[in-house]
Every structure is written in structure tokens, then in C-alpha cells.
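Heads up: the structure comes next, in C-alpha cells.
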Amino acid sequence: GTTPCITNWSGGGSSTISGRMTLNGPCVIGVNGTSFTNNCVIDGTGSLIKGGAKPLVLGGVNTYTGDTKVSGGTLLLQGGGTISGSANIVVASGAILDVSGRSDQTLSVGAGQTLAGNGTLNGNVSIGAGATLAPGTSVGALAFSANLTLNDDSTTVMAINKSTAPSNDVVQVAGDLNYGGTLVITNLGTISFAAGDRFKLFNAAKHLGAFTNIVPAIPGINLVWDTSDLSNGVWNIVAEPTQPPEFGALKINDGNLIFSGSNGVPNWTYYLLATTNLKLPSASWVLLATNAFDEAGRFLFTN
């Protein structure tokens, strides 16, 4: 995980290996010579960690399922080279993952894969259905030299921490940024969101499309997300009253008392309270259940 398993030493020029390689653990390939080309078909359950300042070139159709970590220098995918089975692709600050030498000049991040880090992606990037884009390691920035497409059913996770500077993740795109799928906003800090908050999450030459889903549905009670400036990559929070949930049907079924209702905040936590004395303040009522509204803001409770 730290000491190179394979090393191209400084002054060693260019090296090439071919054949088959199986990763059984975290394999570090250190490249300090001119370059190192690995045309092996890489399989196994282990991870590939690219170290050293010089380029590592992968030219095989690789199926290993561990992580790919570009810790330094440049990792290039050329020709038909792929890392489509790698669970997490992480590009460290100052490091580069370059796919411009692939036949389609594109990194396609597929279902079950996550692209993260604070480095740079050269070439086009497509985040597919079931895949995740998560810039930074806590709060950070991930840069794309060409176009970035966030496809339907993909997930983009952006972290915000109002107590730090910068306060939020940033996706930096030199070309076109196509929005789509679900945007998940996570608050890493202890300072709650408030009306008037403004975050520059995305920076691109051209902004296209829109997210189809936002999680959480609201930033807080009596607050809403304002996406009107998303064409500039800006995410705003404004004040708006949150409608209270409502009881709907109440029925007895096989001796059970069943409450149902609607109008809740989708996926938001709710609490069901009870009392035998309506004159008591709600803080004195008994907590019967804690649960979450469904995606449509509905709830169901059976006593």
C-alpha cells in the first residue's frame, strides 16, 4: 500500500511489460524513469496505486475490482485501455488521469464506480447510470480538461462546510457540463444552512441540462433550494415556509390502529407523538415512533 511492488527507477528510461497481472492487494507501481507502459490485462480483487512523478500507461482491458489511486504524476489510458471494474477512482491533488489517448478520448464511469479526488481529468468524462461523482476528499475541487456529462440515474455528491474556506466542493470543467441525475448536498460542518447562503459548486465554459432529483429535498425547515442560477453553477438557499404534514386515513385493521398521511418533506425524518391530555405542551407528549417520509412525502404508522 505504500512501498512500490513494481518500480521504474529514476534514470531507468522507458519500460514496457505485457502478459497478465493479478492484483491480490494494494499494488503500488512507482514510475520515476521516463515512463512505464503496462499492457497486461490486470485482474484480481486488489487495488492499483500509481506513485512517482513520471507517466504510467495502461493499455489493457483491465477488470480488477479494487480501487485505482493516482497519487502522483500521470496515469494514462491509451488505445483500448480501461479500468471499468475499479470500484473507486481517486485522483490526488496535483495528479492527472489522462484518457485523451483512448480511442474514444473518454472515461466512462459505470454502475458501482465512484470518481473522486482533487486532481485533474484530461479528456471527456461520462458519469453513467449507477455511478457517482464525488469531488474532493472532504471539501475540494476536481478539474476536467474537456467535457463532463452527468447522465440520468447518476449521482453527484457535493460537500459543504460553512466553517472552512473554501466552503464547498467545486467541479471545474473547461468544456461543456451536462447536468443530470441526482445531486446530493452534504453539510460536513456544524453550521446549519440559512437563507441567503450562496455556493459556487460548478464552473464550466457552458452549462446544460438540469438535475432530476435533489437530496435532501430541502436544506432545512422553512428553507428551499434555489436552482435559478444553476446556469452559472451557483446554488442558493432562500426562505420559504415548509408545509406541515397531514394525517389522512385512520382505520382499524385486524385489531391494529393504522395512521397514514402525506405532505411531508420527502425522505425527511418525522416523529409521531401521543398524549391523553391535549392541554399538555407537545414537549410533554410521548414519542411513539421515529421514521422517515417516503419519496413522495407520505407516512404510515401501525400501532
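By order of appearance in the C-alpha cells: chains A, B, ..., then residues from 1 within every chain, and ligands from 1 in the order shown.
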*DSSP strand (DSSP E or B) residues within stretch 130-207 of chain A, listed as number ranges by chain*: A: 132-136, 141-144, 148-150, 155-160, 168, 170-179, 182-187, 198-200, 202-207
What are the closest atom pairs, with distances in Å to one decimal, for all residues of stretch 1-116 of chain A lying within 10 Å of stretch 156-180 of chain A? Consider only C-alpha atoms, order rows by chain and residue number, and present the result as JSON lines.
```
{"residue": "A:Thr114", "atom": "CA", "partner": "A:Thr156", "partner_atom": "CA", "distance": 9.6}
{"residue": "A:Leu115", "atom": "CA", "partner": "A:Thr156", "partner_atom": "CA", "distance": 9.7}
{"residue": "A:Ala116", "atom": "CA", "partner": "A:Val157", "partner_atom": "CA", "distance": 9.7}
```
Those selected residues, please, written with N, CA, C and O atoms and delivered as a PDB file, in the first residue's frame.
```pdb
ATOM      1  N   THR A 114     -17.101   4.995  -8.440  1.00  0.00           N
ATOM      2  CA  THR A 114     -17.084   6.364  -7.934  1.00  0.00           C
ATOM      3  C   THR A 114     -15.814   7.051  -8.394  1.00  0.00           C
ATOM      4  O   THR A 114     -14.715   6.491  -8.275  1.00  0.00           O
ATOM      5  N   LEU A 115     -15.954   8.254  -8.924  1.00  0.00           N
ATOM      6  CA  LEU A 115     -14.814   9.090  -9.308  1.00  0.00           C
ATOM      7  C   LEU A 115     -14.688  10.205  -8.289  1.00  0.00           C
ATOM      8  O   LEU A 115     -15.646  10.948  -8.048  1.00  0.00           O
ATOM      9  N   ALA A 116     -13.499  10.330  -7.678  1.00  0.00           N
ATOM     10  CA  ALA A 116     -13.308  11.291  -6.596  1.00  0.00           C
ATOM     11  C   ALA A 116     -11.902  11.873  -6.666  1.00  0.00           C
ATOM     12  O   ALA A 116     -11.077  11.476  -7.495  1.00  0.00           O
TER      13      ALA A 116
END
```
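Remark: for A:Gly136, the closest of the candidate residues A:Val31, A:Val90, A:Val99, A:Val238 is A:Val90 (distances computed over only C-alpha atoms).
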*Would you kindly return, as an MDAnalysis selection string, each protein, DNA or RNA residue with an atom no farther than 6 Å from any atom of A:Ser86, considering only C-alpha atoms and excluding same-chain residues fewer than 4 positions away?*
chainID A and resid 64:67
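Atom CA of A:Asn232 to atom CA of A:Phe199 spans 10.8 Å [interatomic distance, one decimal].
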Who sits within 6 Å of A:Gly123, only C-alpha atoms, same chain under 3 positions skipped, as a compact mmCIF listing (two decimals) with C-alpha atoms, in the first residue's frame:
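What landed in part21.txt:
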```txt
# COMPACT_ATOMS: atom_id res chain seq x y z
CA VAL A 99 -7.86 9.44 -21.15
CA SER A 100 -7.25 11.63 -24.19
CA GLN A 105 -10.99 10.05 -25.67
CA THR A 106 -13.50 9.36 -22.87
CA ALA A 146 -12.79 18.77 -21.71
```
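Closest approach to A:Phe259 from the set A:Ser47, A:Asn303, A:Ser15, A:Asn222 is made by A:Asn303, with distances taken over only C-alpha atoms.
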*Please identify all polymer residues within 7 Å of A:Gly94, counting only C-alpha atoms, omitting same-chain residues fewer than 2 positions from it, and present them as a PyMOL selection string.*
chain A and resi 72+92+96+119
Those same residues, written as a PDB file, in the first residue's frame with N, CA, C and O atoms?
```pdb
ATOM      1  N   GLY A  72       0.366  10.433  -7.686  1.00  0.00           N
ATOM      2  CA  GLY A  72       1.296  11.423  -8.195  1.00  0.00           C
ATOM      3  C   GLY A  72       1.513  11.225  -9.676  1.00  0.00           C
ATOM      4  O   GLY A  72       1.268  10.146 -10.224  1.00  0.00           O
ATOM      5  N   ALA A  92      -5.430  12.246  -6.842  1.00  0.00           N
ATOM      6  CA  ALA A  92      -4.961  13.121  -5.781  1.00  0.00           C
ATOM      7  C   ALA A  92      -4.635  14.514  -6.309  1.00  0.00           C
ATOM      8  O   ALA A  92      -4.456  14.729  -7.515  1.00  0.00           O
ATOM      9  N   ILE A  96      -2.809  13.519 -12.334  1.00  0.00           N
ATOM     10  CA  ILE A  96      -3.626  13.594 -13.541  1.00  0.00           C
ATOM     11  C   ILE A  96      -4.021  12.188 -13.979  1.00  0.00           C
ATOM     12  O   ILE A  96      -3.178  11.275 -13.999  1.00  0.00           O
ATOM     13  N   GLY A 119      -7.638  16.116  -8.124  1.00  0.00           N
ATOM     14  CA  GLY A 119      -6.712  16.267  -9.227  1.00  0.00           C
ATOM     15  C   GLY A 119      -7.387  16.711 -10.500  1.00  0.00           C
ATOM     16  O   GLY A 119      -8.381  17.454 -10.490  1.00  0.00           O
TER      17      GLY A 119
END
```
*Go through A:Gly128, A:Gly11, A:Pro241, A:Gly101 one by one, measure the shortest atom-to-atom distance of each to A:Ser154 using only C-alpha atoms, and give the residue with the smallest value.*
A:Gly128
*Got a sec: who's within 8 Å of A:Pro245, counting only C-alpha atoms, leaving out chain neighbours fewer than 6 positions off, as a list in words?*
Gly261, Ser262, Asn263, Gly264 and Val265 of chain A
*Name the residues in contact with A:Leu77 at a cut-off of 9 Å, using only C-alpha atoms, excluding same-chain residues fewer than 5 positions from it; report them as a count of residues only.*
14
*For each of A:Gly117, A:Pro135, A:Gly110, A:Gly248, take the minimum atom-to-atom distance to A:Asn151, counting only C-alpha atoms, then give the residue where this is smallest.*
A:Gly110
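Closest approach to A:Ser14 among A:Lys54, A:His207, A:Arg298, A:Lys200: A:Lys54, based on only C-alpha atoms.
Nearest to A:Ala129 of all the residues A:Gly73, A:Gly112, A:Gly209, A:Gly1 is A:Gly112, based on only C-alpha atoms.
Note that atom CA of A:Ile218 and atom CA of A:Val109 are 28.4 Å apart.
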